[in-house]
Amino acid sequence: MNKKLFFSVFICVAMSSGLYAQKMRIDTIAVAILDRMSVMIGDLSSCHVTVKSNYDVRSQHLGLVKHGDEEQLYMQGPDKLLIRSQGDRGDRNIFYNGQMLCYYSVEKNQYATIPLSAPIMEMIDTVHKLYNIDFPAADFFYPSFVDDILSESNYLIYLGMTKVDGKDCFHIAGTMADKSFQFWVSDDGLNLPIKMAIVYTSRDMNPQYEATLTDWQINPVLPGALFEFIAPPKANTIKMAKAPVKK
Amino acid sequence: MSAKIRDMKSSFHILLFLVTAFFVVALLAVPAETSAQRFSHSSAGGGGRPSAPSQNFSRPAPAPVNRPAPAVNRPSPAMSRPAPAPVENRPTINGGSYNAGNHNYNQHPVAARPPVNVHQNVNVQRNVTVHENVNVYHNHYQPPHAYVYHPYHPYYWGHNWHPVGFFAASLATDAILLSIANQQYYYDQGVYYQPSSGGYAVVAAPTGALVSFLPPGYETTSVGNDEFFYYGGTFYIDTGNGYQVVAAPVGAIVTQIPDGAVQQNINGESYLLYNNVYYQPISQDGQDAYQVVQLN
């Protein structure tokens, strides 16, 4: 009887330890696919992509309400960026010519400028931290994207092939402490990101963010004037409010 | 003799059970990812860029039987990517990807790390805290809160709410007596009172006051990772034992400002000053709102 009890306990402990071990999975195929994608992006000298996003905004009385934006993203290395954004948050443009960032509200005909001289990603990081401005699909453009994912992921799994808008894609999913996420990477040789989805599992009501990236143009010739902001007639200057310092 | 045979049978059963249990445990303990890890990484990128310590794979390649190949042309991590052109000749949009195929798997924070199973020689140790302080996922698509003027309409939180300065001859019987910094206050329905001229005058909420409930109509606002509750011009945090009055957190966004705010023109922009806190008019999700700012 004691032996049976001993073996039962032994089996239970072993099973639970095995299951516990399975609570972390980093799939190197997923890593390889993301690596390939990141390397491809890192080799681009310029690009254009359309980012269509929808996201949940919490309403006090209505719960989660879906909103959406469509953004045209133009980048030219090392330090030029243009974002033309339309959607529920209004028409907004962000110009960056390597020396000055300009945020322009088309509807309000207002603009704010921030003197800044840095490569694109440093600028994005700085502006995000200082002014809480987020850039569409910026995560994919971080050179440390894969390292960053790995540093926080509990799970990172390649799920298989699927189609997004008729395009064959690698489907990757993962979890972190506060969110779950999914990436779709094109299986067309270029291996560019096609879609991402995030569920914020630690936030109230688990809001979601989803973005699809279409109309990829690789190394297009972009005129320098594209990134220059010229204030329209009667445009007013506004002051960009700094984000609170996070403790 | 029969006793010996019984003992031998018993021993044999125990041995058989042990062996079976061992295999069952071994099978259960093998993680599914081992069948997924079909490639070993080699350093394929990051020329001239910072390189993480090479990962320490000592595991032999598993047999490729447990997981079907996802696609014939799935990219291989080991493919040799040509070294990127020098940045000065062909600047790339982000300077090139870091550590492709050469990731440091030891970056995971300890707190979120159960031990990786050790039944195989998968040495993907995550037991070293080299947590890069780079948050991949920002708060997506929070708009920049530029100054957007809209007129001030004093807000009233229902008939039980009263602005600072309001005089009440008497209080509800269930008003709660609070003692903060040797001062006595009465709390009722999100409003704070102090005795005055034979009655009670509404005063600003004393910082540190702890109340059990907030009336309906409060809103929540987040600053960084902190969540605040806002009602009647007062900010609270949830302590677990109740709601505690705190100073207005810079960056907090609220939709209403109570009666009693004063408009101030600063550098051509109109701010609201309420209870010594500046509120900047902004637009959030297409709706008028205010953000707590610190003006130096």
# chains A, B, ... in the order shown; residues from 1 in each chain; ligands from 1
>>> residues_around(residues="A:Thr113", least_positions_apart="3", cutoff="9 Å", atoms="only C-alpha atoms", output="list in words")
Met100, Leu101, Cys102, Tyr103, Tyr104, Thr237, Ile238, Lys239 and Met240 of chain A
>>> write_last_selection(atoms="N, CA and C atoms", output="mmCIF file, in the first residue's frame")
data_model
loop_
_atom_site.group_PDB
_atom_site.id
_atom_site.type_symbol
_atom_site.label_atom_id
_atom_site.label_comp_id
_atom_site.auth_asym_id
_atom_site.auth_seq_id
_atom_site.Cartn_x
_atom_site.Cartn_y
_atom_site.Cartn_z
ATOM 1 N N MET A 100 14.469 67.700 -38.059
ATOM 2 C CA MET A 100 13.280 68.245 -37.400
ATOM 3 C C MET A 100 12.123 67.267 -37.557
ATOM 4 N N LEU A 101 11.419 67.039 -36.480
ATOM 5 C CA LEU A 101 10.203 66.251 -36.570
ATOM 6 C C LEU A 101 9.025 67.207 -36.505
ATOM 7 N N CYS A 102 8.090 67.003 -37.380
ATOM 8 C CA CYS A 102 6.913 67.870 -37.391
ATOM 9 C C CYS A 102 5.651 67.029 -37.314
ATOM 10 N N TYR A 103 4.825 67.332 -36.348
ATOM 11 C CA TYR A 103 3.522 66.683 -36.212
ATOM 12 C C TYR A 103 2.474 67.665 -36.720
ATOM 13 N N TYR A 104 1.703 67.235 -37.685
ATOM 14 C CA TYR A 104 0.728 68.144 -38.306
ATOM 15 C C TYR A 104 -0.667 67.531 -38.258
ATOM 16 N N THR A 237 0.842 77.002 -34.862
ATOM 17 C CA THR A 237 1.786 76.139 -34.158
ATOM 18 C C THR A 237 1.194 75.747 -32.810
ATOM 19 N N ILE A 238 1.457 74.548 -32.409
ATOM 20 C CA ILE A 238 1.020 74.078 -31.098
ATOM 21 C C ILE A 238 2.229 73.529 -30.373
ATOM 22 N N LYS A 239 2.067 73.363 -29.102
ATOM 23 C CA LYS A 239 3.173 72.837 -28.305
ATOM 24 C C LYS A 239 2.899 71.371 -28.003
ATOM 25 N N MET A 240 3.876 70.549 -28.214
ATOM 26 C CA MET A 240 3.705 69.129 -27.946
ATOM 27 C C MET A 240 3.874 68.889 -26.448
#
>>> residues_around(residues="stretch 70-73 of chain A", least_positions_apart="3", cutoff="12 Å", atoms="only C-alpha atoms", output="mmCIF file with N, CA and C atoms, in the first residue's frame")
data_model
loop_
_atom_site.group_PDB
_atom_site.id
_atom_site.type_symbol
_atom_site.label_atom_id
_atom_site.label_comp_id
_atom_site.auth_asym_id
_atom_site.auth_seq_id
_atom_site.Cartn_x
_atom_site.Cartn_y
_atom_site.Cartn_z
ATOM 1 N N SER A 46 15.165 51.906 -48.209
ATOM 2 C CA SER A 46 13.950 52.718 -48.159
ATOM 3 C C SER A 46 12.764 51.779 -48.318
ATOM 4 N N CYS A 47 11.623 52.246 -47.931
ATOM 5 C CA CYS A 47 10.436 51.404 -48.088
ATOM 6 C C CYS A 47 9.175 52.254 -47.947
ATOM 7 N N HIS A 48 8.107 51.666 -48.433
ATOM 8 C CA HIS A 48 6.782 52.225 -48.194
ATOM 9 C C HIS A 48 5.871 51.065 -47.832
ATOM 10 N N VAL A 49 4.993 51.294 -46.899
ATOM 11 C CA VAL A 49 4.024 50.278 -46.530
ATOM 12 C C VAL A 49 2.765 50.967 -45.995
ATOM 13 N N THR A 50 1.649 50.329 -46.246
ATOM 14 C CA THR A 50 0.385 50.814 -45.699
ATOM 15 C C THR A 50 0.037 49.975 -44.471
ATOM 16 N N VAL A 51 -0.242 50.641 -43.396
ATOM 17 C CA VAL A 51 -0.579 49.947 -42.149
ATOM 18 C C VAL A 51 -2.034 50.251 -41.808
ATOM 19 N N LYS A 52 -2.847 49.215 -41.833
ATOM 20 C CA LYS A 52 -4.246 49.374 -41.433
ATOM 21 C C LYS A 52 -4.402 48.734 -40.057
ATOM 22 N N SER A 53 -4.809 49.528 -39.121
ATOM 23 C CA SER A 53 -4.877 49.010 -37.756
ATOM 24 C C SER A 53 -6.266 49.192 -37.183
ATOM 25 N N ASN A 54 -6.624 48.306 -36.308
ATOM 26 C CA ASN A 54 -7.800 48.539 -35.473
ATOM 27 C C ASN A 54 -7.469 48.155 -34.054
ATOM 28 N N TYR A 55 -8.080 48.832 -33.138
ATOM 29 C CA TYR A 55 -7.699 48.700 -31.741
ATOM 30 C C TYR A 55 -8.908 49.024 -30.868
ATOM 31 N N HIS A 67 -11.782 50.962 -32.874
ATOM 32 C CA HIS A 67 -11.417 52.103 -33.694
ATOM 33 C C HIS A 67 -10.404 51.646 -34.728
ATOM 34 N N GLN A 76 13.194 56.335 -45.338
ATOM 35 C CA GLN A 76 14.425 56.304 -46.122
ATOM 36 C C GLN A 76 15.598 56.430 -45.173
ATOM 37 N N LYS A 80 15.061 59.559 -42.491
ATOM 38 C CA LYS A 80 13.914 60.263 -43.079
ATOM 39 C C LYS A 80 12.651 59.408 -42.941
ATOM 40 N N LEU A 81 11.581 60.059 -42.575
ATOM 41 C CA LEU A 81 10.343 59.338 -42.284
ATOM 42 C C LEU A 81 9.148 60.231 -42.585
ATOM 43 N N LEU A 82 8.148 59.633 -43.152
ATOM 44 C CA LEU A 82 6.870 60.328 -43.321
ATOM 45 C C LEU A 82 5.748 59.351 -42.980
ATOM 46 N N ILE A 83 4.830 59.810 -42.163
ATOM 47 C CA ILE A 83 3.643 59.017 -41.845
ATOM 48 C C ILE A 83 2.413 59.865 -42.138
ATOM 49 N N ARG A 84 1.572 59.336 -42.983
ATOM 50 C CA ARG A 84 0.305 60.012 -43.279
ATOM 51 C C ARG A 84 -0.798 59.137 -42.698
ATOM 52 N N SER A 85 -1.499 59.665 -41.750
ATOM 53 C CA SER A 85 -2.454 58.860 -40.986
ATOM 54 C C SER A 85 -3.864 59.405 -41.151
ATOM 55 N N GLN A 86 -4.774 58.502 -41.425
ATOM 56 C CA GLN A 86 -6.185 58.864 -41.490
ATOM 57 C C GLN A 86 -6.981 57.823 -40.701
ATOM 58 N N GLY A 87 -8.040 58.262 -40.098
ATOM 59 C CA GLY A 87 -8.854 57.301 -39.367
ATOM 60 C C GLY A 87 -9.588 57.946 -38.229
ATOM 61 N N ASP A 88 -9.914 57.122 -37.269
ATOM 62 C CA ASP A 88 -10.736 57.605 -36.159
ATOM 63 C C ASP A 88 -10.040 58.665 -35.326
ATOM 64 N N ARG A 89 -8.754 58.708 -35.414
ATOM 65 C CA ARG A 89 -8.030 59.727 -34.654
ATOM 66 C C ARG A 89 -7.770 60.977 -35.484
ATOM 67 N N GLY A 90 -8.373 61.007 -36.629
ATOM 68 C CA GLY A 90 -8.238 62.194 -37.454
ATOM 69 C C GLY A 90 -7.107 62.065 -38.453
ATOM 70 N N ASP A 91 -7.005 63.092 -39.274
ATOM 71 C CA ASP A 91 -5.943 63.115 -40.273
ATOM 72 C C ASP A 91 -4.705 63.765 -39.667
ATOM 73 N N ARG A 92 -3.631 63.009 -39.650
ATOM 74 C CA ARG A 92 -2.405 63.512 -39.040
ATOM 75 C C ARG A 92 -1.226 63.094 -39.890
ATOM 76 N N ASN A 93 -0.238 63.941 -39.943
ATOM 77 C CA ASN A 93 0.995 63.611 -40.649
ATOM 78 C C ASN A 93 2.176 63.808 -39.706
ATOM 79 N N ILE A 94 3.162 62.983 -39.881
ATOM 80 C CA ILE A 94 4.418 63.172 -39.160
ATOM 81 C C ILE A 94 5.543 63.217 -40.195
ATOM 82 N N PHE A 95 6.248 64.315 -40.212
ATOM 83 C CA PHE A 95 7.383 64.481 -41.110
ATOM 84 C C PHE A 95 8.667 64.426 -40.286
ATOM 85 N N TYR A 96 9.655 63.770 -40.824
ATOM 86 C CA TYR A 96 10.972 63.801 -40.182
ATOM 87 C C TYR A 96 12.032 63.812 -41.276
ATOM 88 N N PHE A 135 4.363 55.013 -33.371
ATOM 89 C CA PHE A 135 4.499 54.958 -34.821
ATOM 90 C C PHE A 135 3.943 53.624 -35.312
ATOM 91 N N PRO A 136 3.304 53.659 -36.451
ATOM 92 C CA PRO A 136 2.641 52.427 -36.910
ATOM 93 C C PRO A 136 3.638 51.303 -37.163
ATOM 94 N N ALA A 137 3.356 50.170 -36.574
ATOM 95 C CA ALA A 137 4.136 48.954 -36.797
ATOM 96 C C ALA A 137 5.619 49.161 -36.525
ATOM 97 N N ALA A 138 5.939 50.100 -35.658
ATOM 98 C CA ALA A 138 7.347 50.414 -35.408
ATOM 99 C C ALA A 138 8.103 49.224 -34.844
ATOM 100 N N PHE A 141 10.435 47.368 -37.007
ATOM 101 C CA PHE A 141 11.576 48.074 -37.562
ATOM 102 C C PHE A 141 12.725 48.219 -36.566
ATOM 103 N N GLU A 210 -4.659 45.220 -33.655
ATOM 104 C CA GLU A 210 -4.378 44.402 -34.833
ATOM 105 C C GLU A 210 -3.979 45.322 -35.974
ATOM 106 N N ALA A 211 -2.997 44.920 -36.727
ATOM 107 C CA ALA A 211 -2.545 45.743 -37.853
ATOM 108 C C ALA A 211 -2.169 44.839 -39.006
ATOM 109 N N THR A 212 -2.554 45.243 -40.192
ATOM 110 C CA THR A 212 -2.106 44.538 -41.394
ATOM 111 C C THR A 212 -1.230 45.499 -42.196
ATOM 112 N N LEU A 213 -0.185 44.932 -42.767
ATOM 113 C CA LEU A 213 0.756 45.731 -43.535
ATOM 114 C C LEU A 213 0.655 45.309 -45.000
ATOM 115 N N THR A 214 0.251 46.236 -45.834
ATOM 116 C CA THR A 214 0.050 45.914 -47.245
ATOM 117 C C THR A 214 0.828 46.908 -48.109
ATOM 118 N N ASP A 215 0.811 46.614 -49.390
ATOM 119 C CA ASP A 215 1.436 47.504 -50.384
ATOM 120 C C ASP A 215 2.913 47.767 -50.090
ATOM 121 N N TRP A 216 3.602 46.735 -49.671
ATOM 122 C CA TRP A 216 5.033 46.908 -49.402
ATOM 123 C C TRP A 216 5.755 47.333 -50.681
ATOM 124 N N GLN A 217 6.527 48.360 -50.595
ATOM 125 C CA GLN A 217 7.423 48.741 -51.692
ATOM 126 C C GLN A 217 8.851 48.712 -51.146
ATOM 127 N N LEU A 222 12.572 57.690 -53.246
ATOM 128 C CA LEU A 222 11.676 58.664 -52.615
ATOM 129 C C LEU A 222 12.332 60.044 -52.659
ATOM 130 N N LEU A 226 9.698 64.797 -49.984
ATOM 131 C CA LEU A 226 8.596 64.059 -49.351
ATOM 132 C C LEU A 226 8.624 64.205 -47.838
ATOM 133 N N PHE A 227 9.817 64.373 -47.307
ATOM 134 C CA PHE A 227 9.971 64.374 -45.852
ATOM 135 C C PHE A 227 10.056 65.788 -45.268
ATOM 136 N N TYR B 141 -0.569 53.289 -30.327
ATOM 137 C CA TYR B 141 -1.495 54.247 -30.895
ATOM 138 C C TYR B 141 -2.175 55.127 -29.860
#
>>> select_by_dssp(residues="stretch 107-167 of chain A", states="strand (DSSP E or B)", output="count of residues only")
17
>>> closest_residue(among="A:Tyr142, A:Tyr155, A:Tyr200, A:Phe181", to="chain B", atoms="only C-alpha atoms")
A:Tyr142
>>> select_by_dssp(residues="stretch 65-194 of chain A", states="alpha helix (DSSP H)", output="JSON, numbers by chain")
{"A": [120, 121, 122, 123, 124, 125, 126, 127, 128, 129, 130, 131, 145, 146, 147, 148, 149, 150, 151, 152]}
>>> write_last_selection(atoms="N, CA and C atoms", output="tab-separated table (two decimals), in the first residue's frame")
chain	number	residue	atom	x	y	z
A	120	ILE	N	16.45	57.04	-37.83
A	120	ILE	CA	14.99	56.87	-37.70
A	120	ILE	C	14.59	56.18	-36.40
A	121	MET	N	15.20	55.06	-36.12
A	121	MET	CA	14.73	54.29	-34.97
A	121	MET	C	15.05	54.98	-33.65
A	122	GLU	N	16.20	55.65	-33.62
A	122	GLU	CA	16.52	56.41	-32.40
A	122	GLU	C	15.51	57.53	-32.23
A	123	MET	N	15.17	58.15	-33.35
A	123	MET	CA	14.18	59.22	-33.27
A	123	MET	C	12.85	58.68	-32.76
A	124	ILE	N	12.42	57.55	-33.32
A	124	ILE	CA	11.15	56.95	-32.91
A	124	ILE	C	11.16	56.63	-31.43
A	125	ASP	N	12.25	56.06	-30.98
A	125	ASP	CA	12.36	55.69	-29.57
A	125	ASP	C	12.33	56.93	-28.68
A	126	THR	N	13.09	57.94	-29.11
A	126	THR	CA	13.16	59.16	-28.30
A	126	THR	C	11.81	59.86	-28.24
A	127	VAL	N	11.19	59.99	-29.41
A	127	VAL	CA	9.91	60.71	-29.45
A	127	VAL	C	8.83	59.93	-28.70
A	128	HIS	N	8.91	58.62	-28.79
A	128	HIS	CA	7.93	57.83	-28.04
A	128	HIS	C	8.09	58.06	-26.54
A	129	LYS	N	9.33	58.05	-26.09
A	129	LYS	CA	9.55	58.20	-24.65
A	129	LYS	C	9.22	59.61	-24.17
A	130	LEU	N	9.60	60.59	-24.97
A	130	LEU	CA	9.41	61.97	-24.52
A	130	LEU	C	7.98	62.45	-24.70
A	131	TYR	N	7.36	62.04	-25.80
A	131	TYR	CA	6.06	62.62	-26.14
A	131	TYR	C	4.95	61.59	-26.27
A	145	PHE	N	14.54	43.71	-32.80
A	145	PHE	CA	13.19	43.16	-32.68
A	145	PHE	C	13.18	41.74	-32.12
A	146	VAL	N	13.96	40.87	-32.70
A	146	VAL	CA	13.90	39.46	-32.28
A	146	VAL	C	14.47	39.30	-30.87
A	147	ASP	N	15.57	39.99	-30.61
A	147	ASP	CA	16.12	39.93	-29.26
A	147	ASP	C	15.09	40.41	-28.24
A	148	ASP	N	14.42	41.45	-28.61
A	148	ASP	CA	13.44	42.01	-27.68
A	148	ASP	C	12.28	41.05	-27.43
A	149	ILE	N	11.83	40.43	-28.50
A	149	ILE	CA	10.76	39.45	-28.34
A	149	ILE	C	11.23	38.31	-27.44
A	150	LEU	N	12.43	37.85	-27.70
A	150	LEU	CA	12.93	36.71	-26.92
A	150	LEU	C	13.13	37.07	-25.46
A	151	SER	N	13.47	38.31	-25.23
A	151	SER	CA	13.79	38.68	-23.85
A	151	SER	C	12.57	38.64	-22.94
A	152	GLU	N	11.39	38.68	-23.54
A	152	GLU	CA	10.20	38.73	-22.69
A	152	GLU	C	9.22	37.59	-22.91
>>> residues_around(residues="A:Val31", least_positions_apart="3", cutoff="10 Å", atoms="only C-alpha atoms", output="PyMOL selection string")
(chain A and resi 26-28+34-37+146-147+149-150+156-158+172) or (chain B and resi 37+41+77+100-101+103)
>>> atom_distance(atom1="atom CA of A:Asp188", atom2="atom CA of A:Ile41")
14.2 Å
>>> residues_around(residues="B:Val250", least_positions_apart="3", cutoff="12 Å", atoms="only C-alpha atoms", output="ChimeraX atom specification")
/A:241-247 /B:221-224,226,228,235,246-247,253-254,277-280,290-295
>>> write_last_selection(atoms="N, CA and C atoms", output="compact mmCIF listing (two decimals), in the first residue's frame")
# COMPACT_ATOMS: atom_id res chain seq x y z
N ALA A 241 2.87 68.29 -25.85
CA ALA A 241 2.95 68.03 -24.42
C ALA A 241 3.86 66.84 -24.16
N LYS A 242 4.76 67.01 -23.24
CA LYS A 242 5.66 65.90 -22.91
C LYS A 242 4.92 64.84 -22.10
N ALA A 243 5.26 63.62 -22.37
CA ALA A 243 4.65 62.52 -21.62
C ALA A 243 5.18 62.54 -20.20
N PRO A 244 4.38 62.09 -19.26
CA PRO A 244 4.87 62.04 -17.88
C PRO A 244 6.04 61.07 -17.77
N VAL A 245 6.96 61.42 -16.89
CA VAL A 245 8.12 60.54 -16.70
C VAL A 245 7.68 59.31 -15.94
N LYS A 246 8.01 58.15 -16.52
CA LYS A 246 7.63 56.90 -15.86
C LYS A 246 8.61 56.60 -14.76
N LYS A 247 8.05 56.25 -13.61
CA LYS A 247 8.93 55.94 -12.47
C LYS A 247 9.49 54.54 -12.61
N THR B 221 -8.27 56.50 -15.17
CA THR B 221 -7.25 57.00 -16.08
C THR B 221 -5.91 56.38 -15.69
N SER B 222 -5.13 56.10 -16.67
CA SER B 222 -3.84 55.46 -16.41
C SER B 222 -2.71 56.41 -16.75
N VAL B 223 -1.71 56.35 -15.91
CA VAL B 223 -0.47 57.07 -16.19
C VAL B 223 0.65 56.04 -16.07
N GLY B 224 1.28 55.75 -17.17
CA GLY B 224 2.25 54.66 -17.15
C GLY B 224 1.54 53.38 -16.77
N ASP B 226 0.28 52.92 -13.79
CA ASP B 226 -0.54 53.20 -12.62
C ASP B 226 -1.96 53.60 -13.04
N PHE B 228 -5.53 55.32 -11.97
CA PHE B 228 -6.11 56.27 -11.05
C PHE B 228 -7.62 56.35 -11.27
N PHE B 235 -8.36 62.85 -7.52
CA PHE B 235 -7.77 61.60 -7.98
C PHE B 235 -7.59 60.64 -6.80
N VAL B 246 -5.03 61.14 -3.79
CA VAL B 246 -3.63 61.41 -4.14
C VAL B 246 -3.57 62.73 -4.90
N ALA B 247 -2.37 63.24 -5.01
CA ALA B 247 -2.18 64.45 -5.81
C ALA B 247 -2.45 64.12 -7.27
N ILE B 253 -5.41 61.90 -17.82
CA ILE B 253 -6.39 62.50 -18.72
C ILE B 253 -7.78 62.29 -18.15
N VAL B 254 -8.53 63.36 -18.06
CA VAL B 254 -9.89 63.28 -17.55
C VAL B 254 -10.82 64.00 -18.52
N VAL B 277 -3.79 72.76 -9.72
CA VAL B 277 -3.33 71.83 -10.77
C VAL B 277 -3.73 72.41 -12.12
N TYR B 278 -2.78 72.37 -13.05
CA TYR B 278 -3.06 72.86 -14.40
C TYR B 278 -3.58 71.72 -15.27
N TYR B 279 -4.63 72.01 -15.98
CA TYR B 279 -5.21 71.05 -16.91
C TYR B 279 -5.13 71.65 -18.32
N GLN B 280 -4.56 70.87 -19.22
CA GLN B 280 -4.42 71.32 -20.60
C GLN B 280 -5.55 70.76 -21.43
N TYR B 290 -9.05 66.70 -20.85
CA TYR B 290 -8.03 67.53 -20.22
C TYR B 290 -6.91 66.62 -19.72
N GLN B 291 -5.70 67.15 -19.83
CA GLN B 291 -4.56 66.38 -19.33
C GLN B 291 -3.85 67.20 -18.25
N VAL B 292 -3.54 66.52 -17.17
CA VAL B 292 -2.81 67.19 -16.09
C VAL B 292 -1.39 67.48 -16.57
N VAL B 293 -0.99 68.71 -16.49
CA VAL B 293 0.35 69.06 -16.93
C VAL B 293 1.06 69.81 -15.81
N GLN B 294 2.36 69.82 -15.93
CA GLN B 294 3.16 70.58 -14.97
C GLN B 294 3.79 71.73 -15.73
N LEU B 295 3.41 72.89 -15.39
CA LEU B 295 3.96 74.07 -16.06
C LEU B 295 5.01 74.69 -15.17
>>> residues_around(residues="B:Val164", least_positions_apart="5", cutoff="8 Å", atoms="only C-alpha atoms", output="JSON, numbers by chain")
{"B": [201, 202, 203, 204, 259, 260]}
>>> closest_residue(among="B:Asn241, B:Ser170, B:Asn225, B:Gln194", to="chain A", atoms="only C-alpha atoms")
B:Asn225
